[in-house]
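Visitor: As input, take final_37.pdb (PDB, C-alpha atoms, pLDDT in the B column):
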```pdb
ATOM      1  CA  MET Q  16     126.023 107.755 131.648  1.00 72.00           C
ATOM      2  CA  THR Q  17     122.831 108.542 129.746  1.00 87.00           C
ATOM      3  CA  ALA Q  18     122.610 110.691 126.634  1.00 88.00           C
ATOM      4  CA  LYS Q  19     120.623 113.225 128.650  1.00 90.00           C
ATOM      5  CA  MET Q  20     123.365 113.519 131.271  1.00 93.00           C
ATOM      6  CA  ARG Q  21     125.985 113.938 128.545  1.00 93.00           C
ATOM      7  CA  GLN Q  22     123.922 116.876 127.250  1.00 91.00           C
ATOM      8  CA  VAL Q  23     123.795 118.367 130.755  1.00 93.00           C
ATOM      9  CA  PHE Q  24     127.560 118.080 131.225  1.00 95.00           C
ATOM     10  CA  GLU Q  25     128.204 119.554 127.779  1.00 94.00           C
ATOM     11  CA  GLU Q  26     125.913 122.522 128.377  1.00 92.00           C
ATOM     12  CA  VAL Q  27     127.287 123.230 131.864  1.00 94.00           C
ATOM     13  CA  SER Q  28     130.878 123.034 130.638  1.00 93.00           C
ATOM     14  CA  ASN Q  29     130.103 125.590 127.903  1.00 93.00           C
ATOM     15  CA  MET Q  30     128.428 128.102 130.216  1.00 92.00           C
ATOM     16  CA  PRO Q  31     130.248 131.405 130.801  1.00 90.00           C
ATOM     17  CA  GLU Q  32     131.846 131.780 134.232  1.00 87.00           C
ATOM     18  CA  LYS Q  33     129.202 134.007 135.854  1.00 86.00           C
ATOM     19  CA  SER Q  34     126.278 131.949 134.560  1.00 90.00           C
ATOM     20  CA  ALA Q  35     123.690 130.045 136.565  1.00 92.00           C
ATOM     21  CA  MET Q  36     121.437 127.226 135.405  1.00 93.00           C
ATOM     22  CA  LEU Q  37     118.075 126.093 136.683  1.00 93.00           C
ATOM     23  CA  LEU Q  38     117.711 122.447 135.640  1.00 96.00           C
ATOM     24  CA  PHE Q  39     114.190 121.015 135.811  1.00 94.00           C
ATOM     25  CA  THR Q  40     113.181 117.391 136.007  1.00 95.00           C
ATOM     26  CA  ASN Q  41     109.775 115.894 136.718  1.00 94.00           C
ATOM     27  CA  ARG Q  42     110.704 113.500 139.519  1.00 95.00           C
ATOM     28  CA  LYS Q  43     112.252 114.084 142.948  1.00 95.00           C
ATOM     29  CA  CYS Q  44     114.423 110.978 142.655  1.00 96.00           C
ATOM     30  CA  ASP Q  45     115.900 112.333 139.403  1.00 96.00           C
ATOM     31  CA  VAL Q  46     116.688 115.653 141.105  1.00 96.00           C
ATOM     32  CA  ASP Q  47     118.724 113.794 143.715  1.00 97.00           C
ATOM     33  CA  THR Q  48     120.468 111.605 141.125  1.00 97.00           C
ATOM     34  CA  ILE Q  49     121.401 114.534 138.881  1.00 97.00           C
ATOM     35  CA  GLU Q  50     122.689 116.514 141.862  1.00 97.00           C
ATOM     36  CA  ARG Q  51     124.888 113.561 142.868  1.00 97.00           C
ATOM     37  CA  LEU Q  52     126.254 113.129 139.326  1.00 97.00           C
ATOM     38  CA  LEU Q  53     127.066 116.837 139.033  1.00 97.00           C
ATOM     39  CA  LEU Q  54     128.808 116.844 142.411  1.00 97.00           C
ATOM     40  CA  GLU Q  55     130.841 113.788 141.346  1.00 97.00           C
ATOM     41  CA  LYS Q  56     132.112 115.918 138.436  1.00 96.00           C
ATOM     42  CA  SER Q  57     132.926 118.770 140.882  1.00 96.00           C
ATOM     43  CA  ILE Q  58     130.186 120.991 139.477  1.00 96.00           C
ATOM     44  CA  PRO Q  59     128.860 123.272 142.242  1.00 96.00           C
ATOM     45  CA  CYS Q  60     125.151 122.564 142.537  1.00 97.00           C
ATOM     46  CA  ALA Q  61     122.235 122.116 144.902  1.00 96.00           C
ATOM     47  CA  ALA Q  62     118.863 120.399 144.743  1.00 96.00           C
ATOM     48  CA  MET Q  63     115.360 121.595 145.483  1.00 94.00           C
ATOM     49  CA  HIS Q  64     112.129 119.597 145.559  1.00 94.00           C
ATOM     50  CA  GLY Q  65     109.092 119.037 147.740  1.00 91.00           C
ATOM     51  CA  GLY Q  66     110.795 116.202 149.618  1.00 92.00           C
ATOM     52  CA  ARG Q  67     113.437 118.542 150.985  1.00 93.00           C
ATOM     53  CA  ASP Q  68     112.580 120.534 154.079  1.00 91.00           C
ATOM     54  CA  GLN Q  69     112.133 124.301 153.988  1.00 91.00           C
ATOM     55  CA  ILE Q  70     115.596 124.986 155.414  1.00 95.00           C
ATOM     56  CA  GLN Q  71     117.249 122.865 152.709  1.00 94.00           C
ATOM     57  CA  ARG Q  72     115.267 124.644 149.974  1.00 91.00           C
ATOM     58  CA  GLU Q  73     116.179 128.060 151.393  1.00 92.00           C
ATOM     59  CA  GLU Q  74     119.854 127.081 151.602  1.00 95.00           C
ATOM     60  CA  ALA Q  75     119.802 125.980 147.954  1.00 93.00           C
ATOM     61  CA  LEU Q  76     118.235 129.274 146.865  1.00 91.00           C
ATOM     62  CA  SER Q  77     120.672 131.258 149.001  1.00 93.00           C
ATOM     63  CA  ALA Q  78     123.642 129.454 147.446  1.00 94.00           C
ATOM     64  CA  LEU Q  79     122.307 130.293 143.994  1.00 91.00           C
ATOM     65  CA  TRP Q  80     121.744 133.948 144.909  1.00 89.00           C
ATOM     66  CA  LYS Q  81     125.281 134.226 146.296  1.00 92.00           C
ATOM     67  CA  GLY Q  82     126.829 132.604 143.226  1.00 91.00           C
ATOM     68  CA  GLN Q  83     128.133 129.663 145.259  1.00 95.00           C
ATOM     69  CA  ILE Q  84     126.587 127.133 142.893  1.00 95.00           C
ATOM     70  CA  LYS Q  85     126.363 126.958 139.121  1.00 95.00           C
ATOM     71  CA  VAL Q  86     123.338 124.655 138.852  1.00 97.00           C
ATOM     72  CA  LEU Q  87     120.128 124.362 140.850  1.00 96.00           C
ATOM     73  CA  VAL Q  88     118.458 121.034 140.069  1.00 97.00           C
ATOM     74  CA  ALA Q  89     114.741 121.190 140.834  1.00 93.00           C
ATOM     75  CA  THR Q  90     111.250 119.942 140.257  1.00 93.00           C
ATOM     76  CA  ASP Q  91     108.510 122.392 139.359  1.00 86.00           C
ATOM     77  CA  VAL Q  92     108.588 123.637 142.960  1.00 82.00           C
ATOM     78  CA  ALA Q  93     111.071 126.212 141.574  1.00 74.00           C
ATOM     79  CA  SER Q  94     109.104 127.157 138.458  1.00 70.00           C
ATOM     80  CA  ARG Q  95     106.737 129.671 140.050  1.00 70.00           C
ATOM     81  CA  GLY Q  96     106.833 132.422 142.606  1.00 70.00           C
ATOM     82  CA  ILE Q  97     110.590 132.492 143.112  1.00 74.00           C
ATOM     83  CA  ASP Q  98     112.600 135.472 141.904  1.00 71.00           C
ATOM     84  CA  LEU Q  99     115.935 134.275 140.566  1.00 76.00           C
ATOM     85  CA  PRO Q 100     117.333 137.221 138.603  1.00 72.00           C
ATOM     86  CA  ASN Q 101     120.745 135.677 137.935  1.00 82.00           C
ATOM     87  CA  ILE Q 102     119.495 132.612 136.022  1.00 87.00           C
ATOM     88  CA  THR Q 103     121.057 132.629 132.557  1.00 89.00           C
ATOM     89  CA  HIS Q 104     120.082 129.090 131.525  1.00 90.00           C
ATOM     90  CA  VAL Q 105     117.002 126.923 131.984  1.00 89.00           C
ATOM     91  CA  PHE Q 106     117.478 123.266 131.143  1.00 93.00           C
ATOM     92  CA  ASN Q 107     114.407 121.036 130.849  1.00 91.00           C
ATOM     93  CA  PHE Q 108     115.899 117.602 131.488  1.00 94.00           C
ATOM     94  CA  ASP Q 109     112.359 116.244 131.241  1.00 92.00           C
ATOM     95  CA  PHE Q 110     109.663 117.862 129.150  1.00 90.00           C
ATOM     96  CA  PRO Q 111     107.156 119.560 131.477  1.00 90.00           C
ATOM     97  CA  THR Q 112     103.784 117.922 131.990  1.00 88.00           C
ATOM     98  CA  THR Q 113     101.949 120.870 130.354  1.00 88.00           C
ATOM     99  CA  LEU Q 114     102.788 123.730 127.998  1.00 86.00           C
ATOM    100  CA  GLU Q 115     101.764 126.133 130.751  1.00 86.00           C
ATOM    101  CA  MET Q 116     104.451 124.619 132.972  1.00 87.00           C
ATOM    102  CA  TYR Q 117     106.931 124.977 130.098  1.00 85.00           C
ATOM    103  CA  VAL Q 118     106.184 128.710 130.035  1.00 83.00           C
ATOM    104  CA  HIS Q 119     106.693 128.982 133.797  1.00 81.00           C
ATOM    105  CA  ARG Q 120     109.969 127.078 133.648  1.00 86.00           C
ATOM    106  CA  VAL Q 121     111.578 128.972 130.793  1.00 82.00           C
ATOM    107  CA  GLY Q 122     110.255 132.214 132.256  1.00 77.00           C
ATOM    108  CA  ARG Q 123     112.885 131.859 134.986  1.00 73.00           C
ATOM    109  CA  THR Q 124     115.561 133.120 132.560  1.00 74.00           C
ATOM    110  CA  GLY Q 125     115.891 136.214 130.426  1.00 68.00           C
ATOM    111  CA  ARG Q 126     114.203 138.422 133.008  1.00 63.00           C
ATOM    112  CA  ALA Q 127     114.407 142.187 133.481  1.00 64.00           C
ATOM    113  CA  GLY Q 128     115.655 142.785 129.957  1.00 70.00           C
ATOM    114  CA  LYS Q 129     118.489 140.274 130.241  1.00 72.00           C
ATOM    115  CA  SER Q 130     118.994 137.545 127.693  1.00 76.00           C
ATOM    116  CA  GLY Q 131     118.716 133.905 128.615  1.00 82.00           C
ATOM    117  CA  LYS Q 132     118.952 130.478 127.098  1.00 86.00           C
ATOM    118  CA  SER Q 133     116.555 127.573 127.468  1.00 85.00           C
ATOM    119  CA  ILE Q 134     117.235 124.004 126.474  1.00 87.00           C
ATOM    120  CA  THR Q 135     114.552 121.326 126.332  1.00 86.00           C
ATOM    121  CA  LEU Q 136     115.340 117.683 125.743  1.00 86.00           C
ATOM    122  CA  LEU Q 137     112.817 115.545 123.918  1.00 83.00           C
ATOM    123  CA  THR Q 138     113.166 111.803 123.786  1.00 83.00           C
ATOM    124  CA  LYS Q 139     111.774 109.756 120.938  1.00 82.00           C
ATOM    125  CA  GLN Q 140     108.819 108.905 123.196  1.00 84.00           C
ATOM    126  CA  GLU Q 141     108.145 112.631 123.715  1.00 82.00           C
ATOM    127  CA  ASP Q 142     108.507 113.840 120.124  1.00 81.00           C
ATOM    128  CA  TYR Q 143     104.714 114.048 119.770  1.00 86.00           C
ATOM    129  CA  ARG Q 144     104.901 117.148 122.005  1.00 85.00           C
ATOM    130  CA  ALA Q 145     107.080 119.120 119.595  1.00 83.00           C
ATOM    131  CA  PRO Q 146     104.302 120.398 117.253  1.00 86.00           C
ATOM    132  CA  ALA Q 147     102.289 121.948 120.116  1.00 87.00           C
ATOM    133  CA  LEU Q 148     105.419 123.569 121.538  1.00 85.00           C
ATOM    134  CA  ILE Q 149     106.449 124.950 118.145  1.00 84.00           C
ATOM    135  CA  SER Q 150     102.932 126.286 117.545  1.00 88.00           C
ATOM    136  CA  MET Q 151     102.895 128.037 120.921  1.00 85.00           C
ATOM    137  CA  LEU Q 152     106.323 129.586 120.322  1.00 82.00           C
ATOM    138  CA  GLU Q 153     105.315 130.819 116.860  1.00 85.00           C
ATOM    139  CA  LYS Q 154     102.031 132.312 118.148  1.00 86.00           C
ATOM    140  CA  ASN Q 155     104.002 134.244 120.761  1.00 80.00           C
ATOM    141  CA  SER Q 156     106.651 135.468 118.289  1.00 78.00           C
ATOM    142  CA  GLN Q 157     109.372 133.477 120.017  1.00 77.00           C
ATOM    143  CA  ASP Q 158     112.361 131.929 118.324  1.00 74.00           C
ATOM    144  CA  VAL Q 159     111.676 128.359 117.328  1.00 74.00           C
ATOM    145  CA  PRO Q 160     114.782 126.275 117.857  1.00 67.00           C
ATOM    146  CA  GLU Q 161     115.797 123.401 115.681  1.00 63.00           C
ATOM    147  CA  VAL Q 162     114.085 120.349 117.078  1.00 59.00           C
ATOM    148  CA  SER Q 163     116.485 117.506 117.602  1.00 56.00           C
ATOM    149  CA  LEU Q 164     115.531 114.291 119.306  1.00 49.00           C
ATOM    150  CA  LEU Q 165     117.710 112.354 121.676  1.00 45.00           C
ATOM    151  CA  THR Q 166     117.246 108.682 121.034  1.00 41.00           C
ATOM    152  CA  ASN Q 167     118.488 105.551 122.725  1.00 43.00           C
ATOM    153  CA  ILE Q 168     118.260 107.164 126.133  1.00 48.00           C
ATOM    154  CA  ASP Q 169     118.823 104.650 128.850  1.00 44.00           C
TER     155      ASP Q 169
END
```
How does the structure come out when it is put into structure tokens?
Guide:
Amino acid sequence: MTAKMRQVFEEVSNMPEKSAMLLFTNRKCDVDTIERLLLEKSIPCAAMHGGRDQIQREEALSALWKGQIKVLVATDVASRGIDLPNITHVFNFDFPTTLEMYVHRVGRTGRAGKSGKSITLLTKQEDYRAPALISMLEKNSQDVPEVSLLTNID
């Protein structure tokens, strides 16, 4: 199991009972793999990406709305234009391709006056992105988390 997946399992296991996570990754194949690994650990989840048909995507969203799943694993297809008021956690398994996409992703939580938590993993190869992210957060008066890098990710 990769260091990233260990982080996912740790975060999901520490979520309060009525919480819901939107987990983003950049590749469709990773969405499917993460969904499979979560299901193997009996974590209620569903997957959503452009390779799934409309009915499958609607079923995944419906399951999230109804509280039947704890984690929706998705590509950026779920980062815009979808109202998901019960999302308490956003987990960026992969750093988004742009800072604008980062804003759209983390904007899925903490809506309508509710608090939310976002987690973004940076590998050693992605650490060059941290200064721009920190600068953007500071300019927008957002909390700047401690930046920790996951290394030796297989």
Visitor: Please identify all polymer residues lying at most 7 Å from the point (126.1, 118.7, 144.6) (file coordinates), using only C-alpha atoms, and present the result as a list in words.
Guide: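 Applying the cut-off with only C-alpha atoms, one gets Glu50, Arg51, Leu53, Leu54, Ile58, Pro59, Cys60 and Ala61 of chain Q.
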Visitor: Mind pulling up the distance from CA of Val86 in chain Q to CA of Ser34 in chain Q?
Guide: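 Between CA of Ser34 in chain Q and CA of Val86 in chain Q the gap is 9.0 Å.
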Visitor: If you measure from CA of Met63 in chain Q to CA of Ala75 in chain Q, what distance in Å do you get, rounded to one decimal?
Guide: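 Distance reported for this atom pair: 6.7 Å.
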Visitor: Taking 5 positions as the minimum chain separation for residues in the same chain, which residues sit within 9 Å of Ile49 in chain Q when counting only C-alpha atoms? Answer as a PyMOL selection string.
Guide: chain Q and resi 20+44+54+62+88
Visitor: From the list Q:Lys43, Q:Arg67, Q:Arg95, Q:Lys56, which residue is nearest Arg21 in chain Q when using all atoms listed in the file?
Guide: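 Comparing Q:Lys43, Q:Arg67, Q:Arg95, Q:Lys56 against Arg21 in chain Q, the winner is Q:Lys56.
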Visitor: Of the candidates Q:Thr48, Q:Thr103, Q:Ser77, Q:Thr124, which one gets nearest to Glu32 in chain Q if we count only C-alpha atoms?
Guide: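 Closest residue, counting only C-alpha atoms: Q:Thr103.
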Visitor: Between Q:Lys132, Q:Leu37, Q:Met30, Q:Val46, which is the closest to Ser94 in chain Q once you count only C-alpha atoms?
Guide: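 Between Q:Lys132, Q:Leu37, Q:Met30, Q:Val46, the residue approaching Ser94 in chain Q most closely is Q:Leu37.
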Visitor: For Lys139 in chain Q, which residue among Q:Gly82, Q:Asp45, Q:Pro31, Q:Phe110 is the nearest when counting all atoms listed in the file?
Guide: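 The answer is Q:Phe110, which sits nearest to Lys139 in chain Q.
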Visitor: If you count only C-alpha atoms, which residues fall within 10 Å of Leu114 in chain Q, apart from same-chain ones fewer than 4 positions away, as a ChimeraX atom specification?
Guide: /Q:110,118-120,144,147-148,151
Visitor: Select, from Q:Asp109, Q:Gly128, Q:Arg42, Q:Arg72, the residue with the minimum atom-to-atom distance to Gln140 in chain Q, counting only C-alpha atoms.
Guide: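 Using only C-alpha atoms, Gln140 in chain Q sits closest to Q:Asp109.
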Visitor: CA of Glu25 in chain Q to CA of Leu152 in chain Q: how many Å, to one decimal?
Guide: 25.2 Å
Visitor: Show which residues sit within 7 Å of Ile134 in chain Q, as a list in words. Count only C-alpha atoms, and ignore same-chain residues fewer than 3 positions away.
Guide: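 The residues that qualify are Val105, Phe106 and Asn107 of chain Q.
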Visitor: Using only C-alpha atoms, find the one residue out of Q:Leu38, Q:Glu73, Q:Asn29, Q:Thr17 that sits nearest to Phe108 in chain Q.
Guide: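 Residue with the minimum atom-to-atom distance to Phe108 in chain Q: Q:Leu38.
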Visitor: If we draw a sphere of 9 Å around (120.5, 135.1, 145.3), which residues have at least one atom in it when counting all atoms listed in the file? Please report them as an NGL selection string.
Guide: :Q and (76-82 or 98-101)
Visitor: Take the PyMOL selection byres ((chain Q and resi 64) around 6), run it mentally on this structure, and tell me the resulting residues as a list of chain:residue names.
Guide: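 With the shown file as input, the PyMOL selection byres ((chain Q and resi 64) around 6) matches Q:Met63, Q:Gly65, Q:Gly66, Q:Arg67, Q:Ala89, Q:Thr90, Q:Val92.
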Visitor: Take the residues just selected and output them with C-alpha atoms as a PDB file, in the frame of the given file.
Guide:
```pdb
ATOM      1  CA  MET Q  63     115.360 121.595 145.483  1.00 94.00           C
ATOM      2  CA  GLY Q  65     109.092 119.037 147.740  1.00 91.00           C
ATOM      3  CA  GLY Q  66     110.795 116.202 149.618  1.00 92.00           C
ATOM      4  CA  ARG Q  67     113.437 118.542 150.985  1.00 93.00           C
ATOM      5  CA  ALA Q  89     114.741 121.190 140.834  1.00 93.00           C
ATOM      6  CA  THR Q  90     111.250 119.942 140.257  1.00 93.00           C
ATOM      7  CA  VAL Q  92     108.588 123.637 142.960  1.00 82.00           C
TER       8      VAL Q  92
END
```
